[in-house]
file work_37.cif (mmCIF, N, CA and C atoms)
data_data
#
loop_
_atom_site.label_atom_id
_atom_site.label_comp_id
_atom_site.auth_asym_id
_atom_site.auth_seq_id
_atom_site.Cartn_x
_atom_site.Cartn_y
_atom_site.Cartn_z
N MET V 1 0.82 -1.19 0.00
CA MET V 1 0.00 0.00 0.00
C MET V 1 0.86 1.26 0.00
N ASN V 2 2.03 1.19 0.60
CA ASN V 2 2.87 2.38 0.67
C ASN V 2 3.26 2.89 -0.72
N ASN V 3 3.47 1.97 -1.67
CA ASN V 3 3.79 2.40 -3.04
C ASN V 3 2.60 3.11 -3.69
N ARG V 4 1.39 2.61 -3.43
CA ARG V 4 0.20 3.25 -4.00
C ARG V 4 -0.03 4.62 -3.37
N LEU V 5 0.22 4.74 -2.09
CA LEU V 5 0.09 6.05 -1.44
C LEU V 5 1.09 7.03 -2.04
N LEU V 6 2.30 6.58 -2.31
CA LEU V 6 3.29 7.44 -2.95
C LEU V 6 2.85 7.82 -4.36
N GLN V 7 2.28 6.89 -5.10
CA GLN V 7 1.75 7.19 -6.44
C GLN V 7 0.67 8.27 -6.33
N PHE V 8 -0.19 8.14 -5.33
CA PHE V 8 -1.26 9.11 -5.14
C PHE V 8 -0.69 10.49 -4.83
N LEU V 9 0.30 10.56 -3.96
CA LEU V 9 0.93 11.85 -3.64
C LEU V 9 1.51 12.48 -4.90
N ASN V 10 2.15 11.68 -5.73
CA ASN V 10 2.72 12.20 -6.98
C ASN V 10 1.62 12.67 -7.92
N ALA V 11 0.53 11.91 -8.01
CA ALA V 11 -0.58 12.29 -8.88
C ALA V 11 -1.23 13.60 -8.41
N GLU V 12 -1.33 13.78 -7.12
CA GLU V 12 -1.93 14.99 -6.56
C GLU V 12 -0.92 16.14 -6.45
N ASN V 13 0.36 15.82 -6.70
CA ASN V 13 1.44 16.80 -6.62
C ASN V 13 1.50 17.45 -5.24
N ILE V 14 1.45 16.61 -4.20
CA ILE V 14 1.57 17.11 -2.83
C ILE V 14 2.69 16.34 -2.12
N THR V 15 3.28 16.98 -1.14
CA THR V 15 4.38 16.37 -0.39
C THR V 15 3.83 15.59 0.80
N GLN V 16 4.73 14.82 1.42
CA GLN V 16 4.36 14.09 2.63
C GLN V 16 3.91 15.07 3.72
N SER V 17 4.62 16.17 3.84
CA SER V 17 4.28 17.18 4.86
C SER V 17 2.91 17.78 4.60
N GLN V 18 2.62 18.08 3.32
CA GLN V 18 1.32 18.65 2.98
C GLN V 18 0.20 17.65 3.29
N LEU V 19 0.44 16.37 2.99
CA LEU V 19 -0.57 15.35 3.30
C LEU V 19 -0.79 15.27 4.80
N ALA V 20 0.29 15.23 5.58
CA ALA V 20 0.17 15.16 7.03
C ALA V 20 -0.64 16.34 7.57
N GLU V 21 -0.37 17.52 7.04
CA GLU V 21 -1.09 18.71 7.48
C GLU V 21 -2.57 18.62 7.14
N ARG V 22 -2.88 18.19 5.91
CA ARG V 22 -4.29 18.09 5.50
C ARG V 22 -5.05 17.05 6.31
N LEU V 23 -4.35 15.97 6.69
CA LEU V 23 -5.02 14.91 7.45
C LEU V 23 -5.00 15.15 8.95
N GLY V 24 -4.19 16.10 9.39
CA GLY V 24 -4.10 16.39 10.82
C GLY V 24 -3.33 15.32 11.58
N VAL V 25 -2.30 14.76 10.93
CA VAL V 25 -1.47 13.74 11.58
C VAL V 25 -0.03 14.23 11.60
N ALA V 26 0.81 13.56 12.39
CA ALA V 26 2.22 13.91 12.46
C ALA V 26 2.91 13.55 11.14
N LYS V 27 3.89 14.37 10.76
CA LYS V 27 4.65 14.10 9.54
C LYS V 27 5.32 12.73 9.61
N ALA V 28 5.75 12.35 10.79
CA ALA V 28 6.41 11.06 10.96
C ALA V 28 5.46 9.91 10.65
N SER V 29 4.18 10.08 10.93
CA SER V 29 3.19 9.03 10.64
C SER V 29 3.16 8.73 9.14
N VAL V 30 3.11 9.77 8.34
CA VAL V 30 3.09 9.60 6.89
C VAL V 30 4.41 8.99 6.43
N SER V 31 5.51 9.48 6.97
CA SER V 31 6.83 8.98 6.61
C SER V 31 6.96 7.49 6.92
N HIS V 32 6.49 7.06 8.07
CA HIS V 32 6.57 5.65 8.47
C HIS V 32 5.70 4.76 7.57
N ILE V 33 4.55 5.27 7.19
CA ILE V 33 3.67 4.50 6.29
C ILE V 33 4.33 4.36 4.92
N LEU V 34 4.88 5.45 4.40
CA LEU V 34 5.52 5.40 3.09
C LEU V 34 6.77 4.53 3.09
N ALA V 35 7.46 4.48 4.21
CA ALA V 35 8.67 3.65 4.32
C ALA V 35 8.33 2.18 4.54
N GLY V 36 7.06 1.89 4.82
CA GLY V 36 6.65 0.51 5.05
C GLY V 36 6.84 0.04 6.48
N ARG V 37 7.25 0.93 7.38
CA ARG V 37 7.44 0.56 8.78
C ARG V 37 6.11 0.36 9.51
N ASN V 38 5.13 1.19 9.16
CA ASN V 38 3.81 1.11 9.78
C ASN V 38 2.76 0.94 8.70
N LYS V 39 1.65 0.36 9.08
CA LYS V 39 0.50 0.30 8.20
C LYS V 39 -0.49 1.36 8.68
N PRO V 40 -1.22 1.98 7.75
CA PRO V 40 -2.16 3.03 8.17
C PRO V 40 -3.33 2.44 8.94
N GLY V 41 -3.77 3.19 9.92
CA GLY V 41 -4.92 2.78 10.70
C GLY V 41 -6.21 3.28 10.09
N TYR V 42 -7.31 2.89 10.71
CA TYR V 42 -8.63 3.27 10.23
C TYR V 42 -8.78 4.79 10.16
N ASP V 43 -8.33 5.49 11.20
CA ASP V 43 -8.48 6.96 11.24
C ASP V 43 -7.73 7.62 10.09
N PHE V 44 -6.55 7.11 9.77
CA PHE V 44 -5.76 7.66 8.67
C PHE V 44 -6.50 7.49 7.35
N ILE V 45 -7.00 6.29 7.10
CA ILE V 45 -7.71 6.00 5.85
C ILE V 45 -9.02 6.79 5.78
N GLU V 46 -9.71 6.91 6.90
CA GLU V 46 -10.94 7.70 6.92
C GLU V 46 -10.66 9.17 6.61
N SER V 47 -9.59 9.70 7.17
CA SER V 47 -9.22 11.09 6.89
C SER V 47 -8.87 11.27 5.41
N LEU V 48 -8.15 10.31 4.84
CA LEU V 48 -7.85 10.35 3.41
C LEU V 48 -9.14 10.40 2.60
N SER V 49 -10.09 9.57 2.99
CA SER V 49 -11.36 9.50 2.28
C SER V 49 -12.11 10.82 2.34
N ARG V 50 -12.08 11.48 3.49
CA ARG V 50 -12.77 12.76 3.63
C ARG V 50 -12.06 13.89 2.88
N GLN V 51 -10.73 13.89 2.93
CA GLN V 51 -9.96 14.95 2.27
C GLN V 51 -9.88 14.78 0.76
N PHE V 52 -9.93 13.53 0.30
CA PHE V 52 -9.81 13.23 -1.12
C PHE V 52 -10.95 12.29 -1.53
N PRO V 53 -12.16 12.84 -1.67
CA PRO V 53 -13.33 11.98 -1.93
C PRO V 53 -13.25 11.23 -3.26
N ASN V 54 -12.43 11.67 -4.20
CA ASN V 54 -12.31 10.97 -5.49
C ASN V 54 -11.32 9.82 -5.44
N LEU V 55 -10.57 9.69 -4.35
CA LEU V 55 -9.61 8.60 -4.21
C LEU V 55 -10.37 7.29 -4.02
N ASN V 56 -10.02 6.30 -4.81
CA ASN V 56 -10.62 4.98 -4.72
C ASN V 56 -9.90 4.20 -3.63
N LEU V 57 -10.54 4.03 -2.48
CA LEU V 57 -9.91 3.36 -1.34
C LEU V 57 -9.64 1.89 -1.63
N GLU V 58 -10.43 1.26 -2.47
CA GLU V 58 -10.17 -0.14 -2.83
C GLU V 58 -8.84 -0.24 -3.58
N TRP V 59 -8.56 0.74 -4.43
CA TRP V 59 -7.27 0.76 -5.11
C TRP V 59 -6.15 1.00 -4.10
N LEU V 60 -6.34 1.95 -3.20
CA LEU V 60 -5.30 2.29 -2.24
C LEU V 60 -4.97 1.11 -1.32
N VAL V 61 -5.99 0.50 -0.77
CA VAL V 61 -5.77 -0.55 0.23
C VAL V 61 -5.46 -1.90 -0.41
N CYS V 62 -6.21 -2.26 -1.46
CA CYS V 62 -6.10 -3.61 -2.03
C CYS V 62 -5.39 -3.67 -3.38
N GLY V 63 -5.24 -2.53 -4.03
CA GLY V 63 -4.61 -2.53 -5.34
C GLY V 63 -5.56 -2.91 -6.47
N ARG V 64 -6.86 -2.88 -6.21
CA ARG V 64 -7.84 -3.24 -7.25
C ARG V 64 -8.48 -1.98 -7.81
N GLY V 65 -8.68 -1.98 -9.13
CA GLY V 65 -9.35 -0.87 -9.78
C GLY V 65 -8.38 0.25 -10.12
N ARG V 66 -8.93 1.44 -10.23
CA ARG V 66 -8.15 2.62 -10.61
C ARG V 66 -7.95 3.52 -9.41
N MET V 67 -7.00 4.43 -9.53
CA MET V 67 -6.67 5.33 -8.42
C MET V 67 -7.86 6.22 -8.04
N TYR V 68 -8.59 6.69 -9.04
CA TYR V 68 -9.69 7.61 -8.77
C TYR V 68 -11.03 6.96 -9.09
N LYS V 69 -12.02 7.32 -8.30
CA LYS V 69 -13.39 6.88 -8.58
C LYS V 69 -13.85 7.56 -9.85
N ILE V 70 -14.65 6.88 -10.62
CA ILE V 70 -15.17 7.46 -11.85
C ILE V 70 -16.69 7.37 -11.80
N THR V 71 -17.31 8.53 -11.60
CA THR V 71 -18.77 8.61 -11.64
C THR V 71 -19.16 9.87 -12.37
N GLY V 72 -20.32 9.87 -12.95
CA GLY V 72 -20.80 11.02 -13.69
C GLY V 72 -20.99 12.26 -12.84
N GLU V 73 -21.18 12.07 -11.53
CA GLU V 73 -21.43 13.21 -10.65
C GLU V 73 -20.22 14.11 -10.53
N GLU V 74 -19.01 13.57 -10.79
CA GLU V 74 -17.80 14.36 -10.62
C GLU V 74 -17.45 15.14 -11.88
N SER V 75 -18.24 15.00 -12.90
CA SER V 75 -17.94 15.66 -14.16
C SER V 75 -18.20 17.16 -14.03
N PRO V 76 -17.21 17.99 -14.41
CA PRO V 76 -17.43 19.43 -14.31
C PRO V 76 -18.43 19.90 -15.35
N VAL V 77 -19.08 21.02 -15.05
CA VAL V 77 -20.02 21.60 -16.00
C VAL V 77 -19.23 22.39 -17.03
N PRO V 78 -19.39 22.08 -18.32
CA PRO V 78 -18.62 22.80 -19.33
C PRO V 78 -19.01 24.27 -19.38
N ASP V 79 -18.05 25.13 -19.65
CA ASP V 79 -18.27 26.55 -19.79
C ASP V 79 -18.83 26.82 -21.18
N PRO V 80 -20.06 27.38 -21.28
CA PRO V 80 -20.64 27.60 -22.60
C PRO V 80 -19.88 28.63 -23.43
N GLN V 81 -19.06 29.47 -22.79
CA GLN V 81 -18.28 30.48 -23.52
C GLN V 81 -17.03 29.91 -24.17
N SER V 82 -16.50 28.80 -23.62
CA SER V 82 -15.26 28.26 -24.17
C SER V 82 -15.56 27.39 -25.39
N PRO V 83 -14.70 27.48 -26.40
CA PRO V 83 -14.93 26.67 -27.59
C PRO V 83 -14.71 25.20 -27.29
N ASN V 84 -15.50 24.37 -27.90
CA ASN V 84 -15.35 22.93 -27.70
C ASN V 84 -14.36 22.41 -28.73
N ILE V 85 -13.17 22.08 -28.26
CA ILE V 85 -12.14 21.63 -29.19
C ILE V 85 -12.43 20.24 -29.74
N PHE V 86 -13.45 19.59 -29.21
CA PHE V 86 -13.75 18.25 -29.65
C PHE V 86 -14.88 18.20 -30.68
N GLU V 87 -15.36 19.36 -31.09
CA GLU V 87 -16.39 19.36 -32.12
C GLU V 87 -15.75 19.01 -33.46
N PHE V 88 -16.35 18.09 -34.16
CA PHE V 88 -15.82 17.68 -35.45
C PHE V 88 -16.93 17.07 -36.28
N GLU V 89 -16.71 17.01 -37.54
CA GLU V 89 -17.64 16.36 -38.44
C GLU V 89 -17.22 14.91 -38.57
N PRO V 90 -18.08 13.98 -38.20
CA PRO V 90 -17.69 12.59 -38.30
C PRO V 90 -17.47 12.17 -39.76
N GLU V 91 -16.44 11.36 -39.96
CA GLU V 91 -16.18 10.84 -41.30
C GLU V 91 -17.08 9.66 -41.55
N THR V 92 -17.56 9.56 -42.76
CA THR V 92 -18.35 8.39 -43.11
C THR V 92 -17.45 7.39 -43.79
N SER V 93 -17.66 6.15 -43.47
CA SER V 93 -16.84 5.11 -44.07
C SER V 93 -17.76 4.01 -44.60
N ASP V 94 -18.54 4.39 -45.60
CA ASP V 94 -19.48 3.44 -46.18
C ASP V 94 -18.77 2.24 -46.82
N ASN V 95 -17.55 2.49 -47.30
CA ASN V 95 -16.83 1.40 -47.95
C ASN V 95 -16.07 0.54 -46.94
N GLN V 96 -16.08 0.88 -45.64
CA GLN V 96 -15.41 0.10 -44.62
C GLN V 96 -16.39 -0.18 -43.48
N PRO V 97 -17.28 -1.16 -43.65
CA PRO V 97 -18.32 -1.39 -42.65
C PRO V 97 -17.78 -1.90 -41.31
N ASN V 98 -16.63 -2.52 -41.26
CA ASN V 98 -16.11 -3.07 -40.01
C ASN V 98 -15.17 -2.10 -39.29
N GLN V 99 -15.07 -0.88 -39.78
CA GLN V 99 -14.20 0.14 -39.18
C GLN V 99 -14.76 0.51 -37.80
N PRO V 100 -13.94 0.40 -36.72
CA PRO V 100 -14.44 0.79 -35.39
C PRO V 100 -14.74 2.28 -35.35
N LYS V 101 -15.75 2.64 -34.58
CA LYS V 101 -16.16 4.03 -34.45
C LYS V 101 -15.97 4.48 -33.01
N ILE V 102 -15.57 5.72 -32.84
CA ILE V 102 -15.44 6.29 -31.50
C ILE V 102 -16.84 6.55 -30.96
N VAL V 103 -17.12 6.05 -29.77
CA VAL V 103 -18.43 6.25 -29.16
C VAL V 103 -18.38 7.18 -27.95
N LYS V 104 -17.16 7.36 -27.38
CA LYS V 104 -17.08 8.21 -26.20
C LYS V 104 -15.61 8.61 -26.00
N VAL V 105 -15.41 9.85 -25.56
CA VAL V 105 -14.08 10.34 -25.19
C VAL V 105 -14.20 10.88 -23.78
N VAL V 106 -13.24 10.54 -22.92
CA VAL V 106 -13.25 11.01 -21.54
C VAL V 106 -11.96 11.80 -21.31
N VAL V 107 -12.11 13.04 -20.81
CA VAL V 107 -10.97 13.90 -20.52
C VAL V 107 -10.82 13.95 -19.01
N PHE V 108 -9.62 13.59 -18.51
CA PHE V 108 -9.35 13.61 -17.08
C PHE V 108 -8.53 14.86 -16.74
N TYR V 109 -8.93 15.56 -15.68
CA TYR V 109 -8.25 16.77 -15.25
C TYR V 109 -7.38 16.48 -14.03
N ASP V 110 -6.40 17.33 -13.77
CA ASP V 110 -5.46 17.09 -12.68
C ASP V 110 -6.10 17.24 -11.30
N ASN V 111 -7.31 17.76 -11.21
CA ASN V 111 -7.96 17.89 -9.92
C ASN V 111 -8.86 16.69 -9.60
N GLY V 112 -8.75 15.63 -10.40
CA GLY V 112 -9.50 14.41 -10.14
C GLY V 112 -10.87 14.36 -10.79
N THR V 113 -11.28 15.42 -11.46
CA THR V 113 -12.57 15.42 -12.14
C THR V 113 -12.37 15.00 -13.58
N PHE V 114 -13.46 14.79 -14.27
CA PHE V 114 -13.37 14.42 -15.67
C PHE V 114 -14.59 14.93 -16.41
N GLN V 115 -14.49 14.93 -17.73
CA GLN V 115 -15.60 15.34 -18.57
C GLN V 115 -15.77 14.27 -19.64
N GLU V 116 -16.98 13.77 -19.76
CA GLU V 116 -17.29 12.77 -20.76
C GLU V 116 -17.89 13.44 -21.97
N ILE V 117 -17.33 13.18 -23.12
CA ILE V 117 -17.80 13.78 -24.36
C ILE V 117 -18.35 12.66 -25.22
N VAL V 118 -19.64 12.72 -25.47
CA VAL V 118 -20.31 11.64 -26.21
C VAL V 118 -20.49 12.04 -27.64
#

call {"tool": "encode", "arguments": {"input": "work_37.cif", "output": "structure tokens"}}
result
Amino acid sequence: MNNRLLQFLNAENITQSQLAERLGVAKASVSHILAGRNKPGYDFIESLSRQFPNLNLEWLVCGRGRMYKITGEESPVPDPQSPNIFEFEPETSDNQPNQPKIVKVVVFYDNGTFQEIV
């Protein structure tokens, strides 16, 4: 789990000290967990869950799934003033019936949110 926690810190671009401060724990606690000397307790994991609601705890604890939860509720509302760079005219391929077609594009942002473009 310590490697996954380190991956998460890198993905969030935060230091061990910043994580300790956000969770309200001693810096040494985070350091010991990352070094593999200690395993995180329930309070530590619960604090992580509250501070980072998009973090997939099953990934963190068990290594299953993806780092971040993916649900439609976390999708940001697009700004109607900004141009949609994904607007395009679909190509027709009548002569290639087995050609795969794009059905969905998902854009992931560095703050853990995403936007689904159908």

call {"tool": "residues_around", "arguments": {"input": "work_37.cif", "residues": "Ser29 (chain V)", "least_positions_apart": "5", "cutoff": "9 Å", "atoms": "only C-alpha atoms", "output": "PyMOL selection string"}}
result
chain V and resi 20+34+38+40

call {"tool": "residues_around", "arguments": {"input": "work_37.cif", "residues": "region 108-111 of chain V", "least_positions_apart": "4", "cutoff": "8 Å", "atoms": "only C-alpha atoms", "output": "ChimeraX atom specification"}}
result
/V:11-12,115

call {"tool": "resolve_selection", "arguments": {"input": "work_37.cif", "expression": "the PyMOL selection byres (((chain V and resi 44 and name CA) around 12) and name CA)", "output": "list in words"}}
result
Leu5, Leu19, Ala20, Arg22, Leu23, Gly24, Val25, Ala26, Ser29, Val30, Ile33, Asn38, Lys39, Pro40, Gly41, Tyr42, Asp43, Ile45, Glu46, Ser47, Leu48, Ser49, Arg50, Gln51, Phe52, Leu57 and Val61 of chain V

call {"tool": "closest_residue", "arguments": {"input": "work_37.cif", "among": "V:Ile70, V:Cys62, V:Leu55, V:Ile117", "to": "Val105 (chain V)", "atoms": "all atoms listed in the file"}}
result
V:Ile117

call {"tool": "residues_near_point", "arguments": {"input": "work_37.cif", "point": "(0.6, 5.0, -2.9)", "cutoff": "10 Å", "atoms": "only C-alpha atoms", "output": "ChimeraX atom specification"}}
result
/V:1-11,33-34,59-61,63,67

call {"tool": "write_last_selection", "arguments": {"input": "work_37.cif", "atoms": "N, CA and C atoms", "output": "PDB file, in the coordinates of the input"}}
result
ATOM      1  N   MET V   1       0.820  -1.190   0.000  1.00  0.00           N
ATOM      2  CA  MET V   1       0.000   0.000   0.000  1.00  0.00           C
ATOM      3  C   MET V   1       0.860   1.260   0.000  1.00  0.00           C
ATOM      4  N   ASN V   2       2.030   1.190   0.600  1.00  0.00           N
ATOM      5  CA  ASN V   2       2.870   2.380   0.670  1.00  0.00           C
ATOM      6  C   ASN V   2       3.260   2.890  -0.720  1.00  0.00           C
ATOM      7  N   ASN V   3       3.470   1.970  -1.670  1.00  0.00           N
ATOM      8  CA  ASN V   3       3.790   2.400  -3.040  1.00  0.00           C
ATOM      9  C   ASN V   3       2.600   3.110  -3.690  1.00  0.00           C
ATOM     10  N   ARG V   4       1.390   2.610  -3.430  1.00  0.00           N
ATOM     11  CA  ARG V   4       0.200   3.250  -4.000  1.00  0.00           C
ATOM     12  C   ARG V   4      -0.030   4.620  -3.370  1.00  0.00           C
ATOM     13  N   LEU V   5       0.220   4.740  -2.090  1.00  0.00           N
ATOM     14  CA  LEU V   5       0.090   6.050  -1.440  1.00  0.00           C
ATOM     15  C   LEU V   5       1.090   7.030  -2.040  1.00  0.00           C
ATOM     16  N   LEU V   6       2.300   6.580  -2.310  1.00  0.00           N
ATOM     17  CA  LEU V   6       3.290   7.440  -2.950  1.00  0.00           C
ATOM     18  C   LEU V   6       2.850   7.820  -4.360  1.00  0.00           C
ATOM     19  N   GLN V   7       2.280   6.890  -5.100  1.00  0.00           N
ATOM     20  CA  GLN V   7       1.750   7.190  -6.440  1.00  0.00           C
ATOM     21  C   GLN V   7       0.670   8.270  -6.330  1.00  0.00           C
ATOM     22  N   PHE V   8      -0.190   8.140  -5.330  1.00  0.00           N
ATOM     23  CA  PHE V   8      -1.260   9.110  -5.140  1.00  0.00           C
ATOM     24  C   PHE V   8      -0.690  10.490  -4.830  1.00  0.00           C
ATOM     25  N   LEU V   9       0.300  10.560  -3.960  1.00  0.00           N
ATOM     26  CA  LEU V   9       0.930  11.850  -3.640  1.00  0.00           C
ATOM     27  C   LEU V   9       1.510  12.480  -4.900  1.00  0.00           C
ATOM     28  N   ASN V  10       2.150  11.680  -5.730  1.00  0.00           N
ATOM     29  CA  ASN V  10       2.720  12.200  -6.980  1.00  0.00           C
ATOM     30  C   ASN V  10       1.620  12.670  -7.920  1.00  0.00           C
ATOM     31  N   ALA V  11       0.530  11.910  -8.010  1.00  0.00           N
ATOM     32  CA  ALA V  11      -0.580  12.290  -8.880  1.00  0.00           C
ATOM     33  C   ALA V  11      -1.230  13.600  -8.410  1.00  0.00           C
ATOM     34  N   ILE V  33       4.550   5.270   7.190  1.00  0.00           N
ATOM     35  CA  ILE V  33       3.670   4.500   6.290  1.00  0.00           C
ATOM     36  C   ILE V  33       4.330   4.360   4.920  1.00  0.00           C
ATOM     37  N   LEU V  34       4.880   5.450   4.400  1.00  0.00           N
ATOM     38  CA  LEU V  34       5.520   5.400   3.090  1.00  0.00           C
ATOM     39  C   LEU V  34       6.770   4.530   3.090  1.00  0.00           C
ATOM     40  N   TRP V  59      -8.560   0.740  -4.430  1.00  0.00           N
ATOM     41  CA  TRP V  59      -7.270   0.760  -5.110  1.00  0.00           C
ATOM     42  C   TRP V  59      -6.150   1.000  -4.100  1.00  0.00           C
ATOM     43  N   LEU V  60      -6.340   1.950  -3.200  1.00  0.00           N
ATOM     44  CA  LEU V  60      -5.300   2.290  -2.240  1.00  0.00           C
ATOM     45  C   LEU V  60      -4.970   1.110  -1.320  1.00  0.00           C
ATOM     46  N   VAL V  61      -5.990   0.500  -0.770  1.00  0.00           N
ATOM     47  CA  VAL V  61      -5.770  -0.550   0.230  1.00  0.00           C
ATOM     48  C   VAL V  61      -5.460  -1.900  -0.410  1.00  0.00           C
ATOM     49  N   GLY V  63      -5.240  -2.530  -4.030  1.00  0.00           N
ATOM     50  CA  GLY V  63      -4.610  -2.530  -5.340  1.00  0.00           C
ATOM     51  C   GLY V  63      -5.560  -2.910  -6.470  1.00  0.00           C
ATOM     52  N   MET V  67      -7.000   4.430  -9.530  1.00  0.00           N
ATOM     53  CA  MET V  67      -6.670   5.330  -8.420  1.00  0.00           C
ATOM     54  C   MET V  67      -7.860   6.220  -8.040  1.00  0.00           C
TER      55      MET V  67
END

call {"tool": "residues_around", "arguments": {"input": "work_37.cif", "residues": "Asn54 (chain V)", "least_positions_apart": "6", "cutoff": "6.5 Å", "atoms": "only N, CA and C atoms", "output": "PDB file with N, CA and C atoms, in the coordinates of the input"}}
result
ATOM      1  N   MET V  67      -7.000   4.430  -9.530  1.00  0.00           N
ATOM      2  CA  MET V  67      -6.670   5.330  -8.420  1.00  0.00           C
ATOM      3  C   MET V  67      -7.860   6.220  -8.040  1.00  0.00           C
ATOM      4  N   TYR V  68      -8.590   6.690  -9.040  1.00  0.00           N
ATOM      5  CA  TYR V  68      -9.690   7.610  -8.770  1.00  0.00           C
ATOM      6  C   TYR V  68     -11.030   6.960  -9.090  1.00  0.00           C
ATOM      7  N   LYS V  69     -12.020   7.320  -8.300  1.00  0.00           N
ATOM      8  CA  LYS V  69     -13.390   6.880  -8.580  1.00  0.00           C
ATOM      9  C   LYS V  69     -13.850   7.560  -9.850  1.00  0.00           C
ATOM     10  N   GLY V 112      -8.750  15.630 -10.400  1.00  0.00           N
ATOM     11  CA  GLY V 112      -9.500  14.410 -10.140  1.00  0.00           C
ATOM     12  C   GLY V 112     -10.870  14.360 -10.790  1.00  0.00           C
TER      13      GLY V 112
END

call {"tool": "atom_distance", "arguments": {"input": "work_37.cif", "atom1": "CA of Phe114 (chain V)", "atom2": "CA of Asn13 (chain V)"}}
result
17.5 Å

call {"tool": "atom_distance", "arguments": {"input": "work_37.cif", "atom1": "atom C of Gln18 (chain V)", "atom2": "atom C of His32 (chain V)"}}
result
14.7 Å

call {"tool": "atom_distance", "arguments": {"input": "work_37.cif", "atom1": "CA of Val107 (chain V)", "atom2": "CA of Pro53 (chain V)"}}
result
18.8 Å
